[in-house]
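To start, the structure under review is shown below, and the notes come after it.
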There are 4 protein chains.
Amino acid sequence: MRYADDAEPVITLTSGPVNAYPDVLRGLSRTVLYDYDPAFQIFYEMVVEKAQKAMRLSTKPVILHGEPVLGLEAAAASLISPDDTVLNLASGVYGKGFGYWAKRYSPNLLEIETAYNEAIDPQAVRDMLKKHPEISVVAVCHHDTPSGTINPIDEIGAIVADHGAFLIVDAVSSFGGMKTHPEDCQAAVYITGPNKCLGAPPGLTMAGVSDRAWAKMKANAAAPRASMLSILDWEKAWSRDEPFPFTPSVAEMNGLDVALDLYLREGPEAVWARHALTAKATRAGLRAMGLDLWAASEAIASPTTTAVRTPEGVDEAELRRQVRARYGVVFSSGRGETLGKLTRIGHMGPTAQPIYALAALAALGGALNAMGSRADVGAAVTAAMSVIDADA
Amino acid sequence: MRYADDAEPVITLTSGPVNAYPDVLRGLSRTVLYDYDPAFQIFYEMVVEKAQKAMRLSTKPVILHGEPVLGLEAAAASLISPDDTVLNLASGVYGKGFGYWAKRYSPNLLEIETAYNEAIDPQAVRDMLKKHPEISVVAVCHHDTPSGTINPIDEIGAIVADHGAFLIVDAVSSFGGMKTHPEDCQAAVYITGPNKCLGAPPGLTMAGVSDRAWAKMKANAAAPRASMLSILDWEKAWSRDEPFPFTPSVAEMNGLDVALDLYLREGPEAVWARHALTAKATRAGLRAMGLDLWAASEAIASPTTTAVRTPEGVDEAELRRQVRARYGVVFSSGRGETLGKLTRIGHMGPTAQPIYALAALAALGGALNAMGSRADVGAAVTAAMSVIDADA
Amino acid sequence: MRYADDAEPVITLTSGPVNAYPDVLRGLSRTVLYDYDPAFQIFYEMVVEKAQKAMRLSTKPVILHGEPVLGLEAAAASLISPDDTVLNLASGVYGKGFGYWAKRYSPNLLEIETAYNEAIDPQAVRDMLKKHPEISVVAVCHHDTPSGTINPIDEIGAIVADHGAFLIVDAVSSFGGMKTHPEDCQAAVYITGPNKCLGAPPGLTMAGVSDRAWAKMKANAAAPRASMLSILDWEKAWSRDEPFPFTPSVAEMNGLDVALDLYLREGPEAVWARHALTAKATRAGLRAMGLDLWAASEAIASPTTTAVRTPEGVDEAELRRQVRARYGVVFSSGRGETLGKLTRIGHMGPTAQPIYALAALAALGGALNAMGSRADVGAAVTAAMSVIDADA
Amino acid sequence: MRYADDAEPVITLTSGPVNAYPDVLRGLSRTVLYDYDPAFQIFYEMVVEKAQKAMRLSTKPVILHGEPVLGLEAAAASLISPDDTVLNLASGVYGKGFGYWAKRYSPNLLEIETAYNEAIDPQAVRDMLKKHPEISVVAVCHHDTPSGTINPIDEIGAIVADHGAFLIVDAVSSFGGMKTHPEDCQAAVYITGPNKCLGAPPGLTMAGVSDRAWAKMKANAAAPRASMLSILDWEKAWSRDEPFPFTPSVAEMNGLDVALDLYLREGPEAVWARHALTAKATRAGLRAMGLDLWAASEAIASPTTTAVRTPEGVDEAELRRQVRARYGVVFSSGRGETLGKLTRIGHMGPTAQPIYALAALAALGGALNAMGSRADVGAAVTAAMSVIDADA
């Protein structure tokens with residue numbers, strides 16, 4: 001049999017969007033309330049409180065009504081003023097990309113760049129800050145999704161805090177799938193969203209904003225106001241007594257509410273553990289199949305996405321086409337510079353379950369074999385099972 | 001009995017968001033596909049084609065992934081360049097508001113302003129264009145929702161076309177509830193969304209963009225690119241073979257798909273007819289109850305929202321509180337300049353059914369009586385029934 | 001406009017099935033678990049416990065997996081043995097109907113029958129029991145739905161208990177909409193279901209069974225076993241440690257779970273109050289319109305269904321057709337002997353809201369006027385509003 | 001990690017109920033219409049027509065409103081009269097079980113019984129019919145689910161037809177997952193349901209009834225009438241112009257409607273093919289792991305359930321507990337005589353996808369290893385992949 005392009009696949013194991021938890025899907029179909037109905041205003045405040053709890057914040061997070069690229073663009077636009085000097089830490093396509101936004105708001109951009117399969121070295125940050133005391137904003141991508149690699153943001157955050165600069169963190173595809181919170185890394189603005197490890201659909205940003213960052217944004221005459229790009233507009237919007245700058249995405253809030261309930265009820269530590277175990281089993285299986293991880297070391301490999309280097313001579317797009325057509329399984333490609341060089345197997349939210357590591361390995365190995373590579377699927381599954389069973 | 005603030009009301013009769021059609025709510029809970037899955041890309045193209053059919057466009061409309069204020073801001077940012085002279089037609093709070101955005105992108109702003117219970121006179125537009133041949137962009141709000149009044153955009157559009165200027169139309173709360181389409185009014189950019197008369201939740205913009213407008217935006221160096229505010233980024237995104245600038249709101253697209261199916265299946269003319277009849281019955285009832293319409297004349301009263309002038313001595317906020325607490329019915333207040341002066345009864349999507357006019361009239365009248373006014377609910381309902389029955 | 005037969009109506013105001021609460025509809029779409037999965041067995045026990053709480057029982061109720069006619073037939077088959085003498089109390093079509101089932105299981109059937117717009121007189125029961133000491137089983141329908149009338153089952157139950165007989169109660173369309181519980185009326189077997197006042201779909205029976213009734217059923221060799229008609233098979237099925245006699249209706253249980261949560265969370269007294277108020281407002285409106293209630297007195301008129309006598313010369317089926325075609329409102333007809341003689345307006349679960357009384361009155365009056373009767377809709381709505389406002 | 005008993009498992013691979021298709025789950029949450037609303041009556045007739053098409057019947061099938069054990073009991077009660085001689089073909093627990101019902105309705109019961117891992121030999125049926133010309137009813141279970149074995153019902157049906165007897169077929173867990181239809185096997189009454197291979201929840205029976213069977217049931221004075229057990233009551237209920245004997249299960253009909261659409265749209269042959277391939281891959285994997293199929297030969301192994309013999313010394317209940325606790329995967333046990341002797345892996349509806357065969361094999365093998373058996377999971381997965389790839 002063959003899975004047709006226009007039919008839903010069987011299992012989506014991408015680096016997001018992933019399918020939402022069934023409970024979240026049902027949440028999306030709740031009654032759409034009028035945004036100024038008191039029941040909705042009370043609900044909105046309650047959801048923000050749940051997000052605050054999940055993000056372990058001492059202040060209210062901001063919900064922006066667009067997927068996290070809105071949050072990232074809004075963060076750049078709001079926090080960075082023309083007299084800032086920005087240090088952008090680029091260890092991958094997304095980290096690198098933030099520099100272009102930063103540049104739009106300040107001409108003074110410095111960068112530390114690593115190979116896209118490596119992580120930022122905190123010592124390099126320390127050195128750069130020492131060398132450039134004028135640096136006032138540092139930006140870092142926690143999980144550079146197109147590479148499946150993790151930067152040590154808590155350590156970097158401590159260095160940035162020592163220096164007195166503002167840290168912008170892109171934690172879109174890490175938050176909810178591993179231990180990371182805005183205040184752990186002392187972020188000024190910390191951007192994440194429901195559509196990765198929380199298992200909800202794309203359409204919202206969750207942003208942690210420190211008190212100091214609020215003050216800087218307010219002082220920034222260029223920070224967007226009365227705009228879709230504004231963070232400032234939403235400062236008080238969480239309160240049941242305050243108006244919304246524009247109509248919030250009611251259905252997405254309904255979904256987020258459920259996603260936060262699920263996360264808090266299962267227990268963050270338990271959620272992180274199944275992300276970590278699924279990724280670990282996947283990595284063990286890939287190695288046993290003779291494949292190489294993209295990440296330079298296991299230590300920086302993401303628990304929410306496993307990037308595997310495309311074997312010599314294999315057409316990566318064709319590989320994913322075969323995986324989908326033969327087994328109904330969907331993986332992600334690379335992006336930008338990593339496109340064609342790696343395939344990404346996501347472990348996010350509902351798919352962060354070890355049993356899916358086995359399905360992923362079998363599907364990947366089967367497609368490689370079909371394309372003339374030699375992949376020992378049996379060895380891969382056995383290795384992955386060992387990891388899973390060691391944890392059981 | 002009393003309906004509590006934190007419990008869902010019984011019937012939401014607002015000017016949006018309104019509750020979605022039950023089928024749309026279920027659509028929102030469809031599987032969240034990966035945006036680069038071929039099944040999703042095929043689906044996305046198909047939804048855009050349905051939107052094209054509903055909007056009666058000869059070119060593909062653009063879906064932007066934020067509620068229509070995004071579309072309006074993006075239209076201003078994309079179409080207006082600093083050397084444009086913009087004529088803003090302000091017959092209400094929303095029309096007036098657009099001028100602030102226009103001003104952000106060009107210093108050259110002219111306005112025609114009417115009382116907020118009247119409509120723009122096409123002759124005034126013709127005169128202004130004659131007097132200011134430099135006018136290159138005209139902006140008009142079709143249904144100025146905070147007033148419940150309708151501007152004659154098809155007539156205005158013809159005048160603007162004659163002049164050779166670009167017309168930006170805000171048809172957010174009229175499209176889908178009455179006969180209006182981008183090409184009927186010769187719009188350059190025509191902004192609407194699923195969250196009013198299509199009976200879907202807020203979270204998306206549907207934009208009709210003329211070929212000439214695409215050319216102008218492309219020529220506009222200041223038009224947003226690589227931004228949430230960009231329209232240009234999405235020009236080709238409808239195609240199954242093109243990438244998305246960022247992750248689209250998958251669940252909202254699922255809902256929009258159903259909303260468009262419902263609209264096209266029921267038949268636009270039938271949908272408009274029930275909006276019109278519900279509004280007409282409501283107006284008849286209000287007059288019979290001795291209340292005044294906000295709109296200066298019946299001819300410009302919206303078929304999708306009926307604004308009723310607050311009787312002398314009545315606290316409008318308290319009136320809506322009573323309506324909700326006593327009967328579980330929710331109306332909208334005015335906005336900005338109309339706040340406190342009128343109450344709005346929405347007739348949109350699933351609530352555009354004449355039987356709801358009766359519920360609205362009873363609830364409004366009951367609350368007025370409870371507050372010491374004298375409203376003859378019996379007369380109101382009888383008058384509304386006459387309108388409905390005359391149509392049956 | 002006209003509502004087509006094959007399109008969903010706008011408001012269903014029937015005596016059941018009524019549309020389910022939105023939350024219940026969403027509950028129906030929960031994951032279908034394997035019935036022997038421990039998660040389902042734990043869930044099933046928990047739902048039974050919620051049902052026990054809602055029914056205010058000191059023992060576990062039984063869930064049967066068919067709509068309440070299954071429960072009633074099973075009660076007759078299980079409790080009545082050939083040597084029983086059954087007294088059937090028939091004040092309407094449903095009460096009368098139970099006698100046919102009773103007769104199937106015992107030849108000894110006595111009946112007290114009243115006009116179908118009156119209630120059973122407890123004194124008549126007392127007299128009959130005195131005259132026939134051999135009566136061992138008494139059957140009564142609490143709310144004889146086709147008449148919209150209520151029998152005084154708590155009073156009757158006390159008399160039956162004094163006599164030492166077993167009481168079978170059909171409380172299908174009263175439980176959840178007014179104060180009634182199995183132990184309040186000392187029922188041996190008390191049958192109800194989720195598809196009336198609990199606002200869930202038809203497909204399940206909830207049965208309260210007294211310890212004495214369990215003993216009688218066990219002693220009854222003719223009681224069904226290994227059968228769809230068996231109650232005995234399900235005695236222990238509520239326990240997470242016991243097998244199910246056959247596969248339970250998983251989706252219906254998911255819906256019931258939500259319906260019970262809603263009922264318990266809103267508070268039974270509050271739920272009953274809105275049923276009572278809606279019915280009272282409806283009755284006031286009908287009288288003001290010059291129509292006659294079917295029930296001989298207001299005291300026995302049901303709070304969950306209002307039956308209105310068809311005016312002289314009106315074709316009742318045509319009346320309901322007009323109501324639906326003109327206003328999109330659906331009422332119930334009579335059944336059997338009451339068919340054609342009355343129309344029933346339901347107030348059950350989500351439709352037990354006073355605002356719907358106004359819609360019902362307007363629609364009924366409008367249709368009567370259209371058919372040439374004279375119904376003063378204005379007076380009806382005014383009278384209903386007075387009732388509602390007196391309570392507010 | 002460990003999956004808790006009270007949390008939903010990750011993948012349910014049972015022999016039913018299985019989780020419903022996501023589209024079916026959403027279907028279950030459609031508006032609950034009043035059963036006498038014309039929109040519902042039209043819908044009901046349309047669903048019956050879809051069922052007729054799926055069952056490839058020349059007459060309308062009957063929907064009974066309880067899961068298929070109702071259908072089987074009703075078939076026995078309706079078709080078998082005391083003067084019938086029934087031949088029951090018992091090749092498993094369910095086939096054997098039907099004999100007890102048959103005996104309830106006629107004292108004249110003959111049986112052919114095989115070992116519970118074998119199928120009925122058509123020649124044995126031919127011989128028995130020759131020897132007992134008085135046999136008037138033959139009953140056979142197509143897929144004896146507790147054994148995972150398939151009987152050759154089309155061949156048996158031809159023999160029974162030659163003899164002139166009535167054939168009752170239990171096709172509950174085969175229909176929809178392999179090629180089988182009532183008229184293919186010349187069934188008098190053919191019972192199936194939506195809750196196995198159609199991927200809908202339990203709660204309905206679909207029954208094909210031949211014209212000759214209708215005549216026999218009508219002539220059978222003992223056939224249930226005015227009863228939950230009646231088939232006769234429902235003869236005309238499919239028609240939009242006929243009343244229902246009692247309230248149908250509206251939500252289940254909504255789900256069935258979607259399930260039938262999915263089945264017909266995907267194409268029955270395609271659906272059967274993925275059931276067959278999943279089972280074949282599972283069998284290959286089990287054998288490669290050194291395990292024994294329960295079925296005596298591959299030829300009679302079911303495409304919808306694979307039963308694997310419990311290895312010597314393994315506690316089967318503990319095995320399934322380990323599978324669930326370690327991997328979140330749920331299998332079925334045996335039933336009755338097969339309980340403890342085998343484990344069943346279901347391939348039904350949404351789980352009939354080859355990728356789930358791999359998950360099943362890995363989970364089963366992993367649990368066996370954890371319990372001290374030696375199962376080569378790698379070999380199992382490799383063997384299963386070969387089967388899948390041979391088909392691709």
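Identifiers in this document derive from the order of the structure tokens: chains are assigned A, B, ..., residues are numbered from 1 separately in each chain, and ligands are numbered from 1 in order of occurrence.
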Exercise for review: Show me which bits of chain C are within 9 Å of chain A, counting only C-alpha atoms, as a ChimeraX atom specification.
Suggested key: /C:22-23,26-27,29-31
So that I have them on file, write out the residues from the current selection with all heavy atoms, as an mmCIF file, in the first residue's frame.
data_model
loop_
_atom_site.group_PDB
_atom_site.id
_atom_site.type_symbol
_atom_site.label_atom_id
_atom_site.label_comp_id
_atom_site.auth_asym_id
_atom_site.auth_seq_id
_atom_site.Cartn_x
_atom_site.Cartn_y
_atom_site.Cartn_z
ATOM 1 N N PRO C 22 -23.416 21.916 25.071
ATOM 2 C CA PRO C 22 -22.181 21.908 24.279
ATOM 3 C C PRO C 22 -21.055 21.109 24.933
ATOM 4 O O PRO C 22 -20.330 20.384 24.257
ATOM 5 C CB PRO C 22 -21.828 23.396 24.162
ATOM 6 C CG PRO C 22 -23.147 24.107 24.258
ATOM 7 C CD PRO C 22 -23.976 23.285 25.212
ATOM 8 N N ASP C 23 -20.938 21.221 26.238
ATOM 9 C CA ASP C 23 -19.881 20.462 26.920
ATOM 10 C C ASP C 23 -20.096 18.954 26.791
ATOM 11 O O ASP C 23 -19.142 18.177 26.717
ATOM 12 C CB ASP C 23 -19.848 20.813 28.422
ATOM 13 C CG ASP C 23 -19.091 22.092 28.690
ATOM 14 O OD1 ASP C 23 -18.456 22.627 27.761
ATOM 15 O OD2 ASP C 23 -19.147 22.569 29.841
ATOM 16 N N ARG C 26 -19.060 17.796 23.371
ATOM 17 C CA ARG C 26 -17.610 17.631 23.313
ATOM 18 C C ARG C 26 -17.168 16.376 24.059
ATOM 19 O O ARG C 26 -16.244 15.688 23.647
ATOM 20 C CB ARG C 26 -16.901 18.850 23.903
ATOM 21 C CG ARG C 26 -16.768 19.980 22.904
ATOM 22 C CD ARG C 26 -15.878 21.066 23.431
ATOM 23 N NE ARG C 26 -16.443 21.690 24.603
ATOM 24 C CZ ARG C 26 -17.388 22.617 24.571
ATOM 25 N NH1 ARG C 26 -17.862 23.050 23.432
ATOM 26 N NH2 ARG C 26 -17.860 23.130 25.687
ATOM 27 N N GLY C 27 -17.849 16.090 25.172
ATOM 28 C CA GLY C 27 -17.524 14.874 25.923
ATOM 29 C C GLY C 27 -17.708 13.623 25.073
ATOM 30 O O GLY C 27 -16.939 12.671 25.159
ATOM 31 N N SER C 29 -17.013 13.202 22.191
ATOM 32 C CA SER C 29 -15.920 13.007 21.233
ATOM 33 C C SER C 29 -14.601 12.693 21.928
ATOM 34 O O SER C 29 -13.543 12.742 21.316
ATOM 35 C CB SER C 29 -15.789 14.227 20.325
ATOM 36 O OG SER C 29 -15.371 15.347 21.042
ATOM 37 N N ARG C 30 -14.659 12.352 23.196
ATOM 38 C CA ARG C 30 -13.444 11.895 23.871
ATOM 39 C C ARG C 30 -12.951 10.570 23.266
ATOM 40 O O ARG C 30 -13.724 9.818 22.692
ATOM 41 C CB ARG C 30 -13.736 11.630 25.361
ATOM 42 C CG ARG C 30 -13.818 12.849 26.208
ATOM 43 C CD ARG C 30 -13.849 12.401 27.673
ATOM 44 N NE ARG C 30 -14.330 13.466 28.543
ATOM 45 C CZ ARG C 30 -14.959 13.265 29.689
ATOM 46 N NH1 ARG C 30 -15.198 12.025 30.106
ATOM 47 N NH2 ARG C 30 -15.355 14.278 30.427
ATOM 48 N N THR C 31 -11.707 10.298 23.497
ATOM 49 C CA THR C 31 -11.106 9.021 23.106
ATOM 50 C C THR C 31 -11.999 7.855 23.522
ATOM 51 O O THR C 31 -12.492 7.813 24.644
ATOM 52 C CB THR C 31 -9.738 8.881 23.819
ATOM 53 O OG1 THR C 31 -8.927 9.982 23.429
ATOM 54 C CG2 THR C 31 -9.049 7.581 23.437
#
**Item:** Contact residues around D:Ile153 with only C-alpha atoms at 9 Å, ignoring same-chain residues under 5 positions, as a PyMOL selection string
**Value:** chain D and resi 122+140-142+158+169+180+184-185
Next, the residues of the selection above should be written as an mmCIF file, in the first residue's frame with N, CA and C atoms.
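Contents of the output file out_4.cif:
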data_model
loop_
_atom_site.group_PDB
_atom_site.id
_atom_site.type_symbol
_atom_site.label_atom_id
_atom_site.label_comp_id
_atom_site.auth_asym_id
_atom_site.auth_seq_id
_atom_site.Cartn_x
_atom_site.Cartn_y
_atom_site.Cartn_z
ATOM 1 N N PRO D 122 -16.349 -26.953 5.946
ATOM 2 C CA PRO D 122 -17.635 -26.927 5.230
ATOM 3 C C PRO D 122 -18.173 -28.340 4.952
ATOM 4 N N VAL D 140 -23.412 -19.338 12.608
ATOM 5 C CA VAL D 140 -21.955 -19.383 12.513
ATOM 6 C C VAL D 140 -21.376 -18.020 12.879
ATOM 7 N N CYS D 141 -20.234 -18.077 13.550
ATOM 8 C CA CYS D 141 -19.498 -16.860 13.856
ATOM 9 C C CYS D 141 -18.374 -16.734 12.831
ATOM 10 N N HIS D 142 -18.361 -15.643 12.104
ATOM 11 C CA HIS D 142 -17.375 -15.502 11.034
ATOM 12 C C HIS D 142 -15.963 -15.397 11.600
ATOM 13 N N ALA D 158 -23.312 -21.220 1.124
ATOM 14 C CA ALA D 158 -23.811 -21.871 -0.097
ATOM 15 C C ALA D 158 -24.406 -23.251 0.235
ATOM 16 N N VAL D 169 -25.467 -15.175 10.877
ATOM 17 C CA VAL D 169 -24.025 -14.932 10.848
ATOM 18 C C VAL D 169 -23.647 -13.829 11.835
ATOM 19 N N THR D 180 -16.489 -9.347 3.247
ATOM 20 C CA THR D 180 -17.630 -10.134 3.722
ATOM 21 C C THR D 180 -18.865 -9.259 3.684
ATOM 22 N N ASP D 184 -23.109 -12.199 0.186
ATOM 23 C CA ASP D 184 -22.014 -13.099 -0.226
ATOM 24 C C ASP D 184 -22.177 -14.469 0.435
ATOM 25 N N CYS D 185 -22.673 -14.453 1.663
ATOM 26 C CA CYS D 185 -22.809 -15.731 2.381
ATOM 27 C C CYS D 185 -24.273 -16.152 2.490
#
A straight line from atom CA of C:Trp101 to atom CA of C:Phe331 spans 28.4 Å
Strand (DSSP E) residues, from DSSP on the backbone, in stretch 102-238 of chain C, as a VMD selection string: chain C and resid 108 to 113 135 to 141 143 to 144 149 to 150 166 to 170 189 to 192 205 to 209
Would you please extract all helix (DSSP H, G or I) residues from stretch 80-315 of chain B, as assigned by DSSP on the backbone, and give them as a VMD selection string?
chain B and resid 93 to 105 122 to 131 153 to 163 211 to 219 232 to 234 250 to 266 268 to 288 298 to 300
Residues near stretch 217-231 of chain B, anyone? I mean within 10 Å using only C-alpha atoms, not counting same-chain ones fewer than 3 positions away, as an MDAnalysis selection string. (chainID A and resid 66:67 69:71 73:74 100:101 227:229) or (chainID B and resid 62:66 70:82 105 207 209 211:214 234:235 245:246)
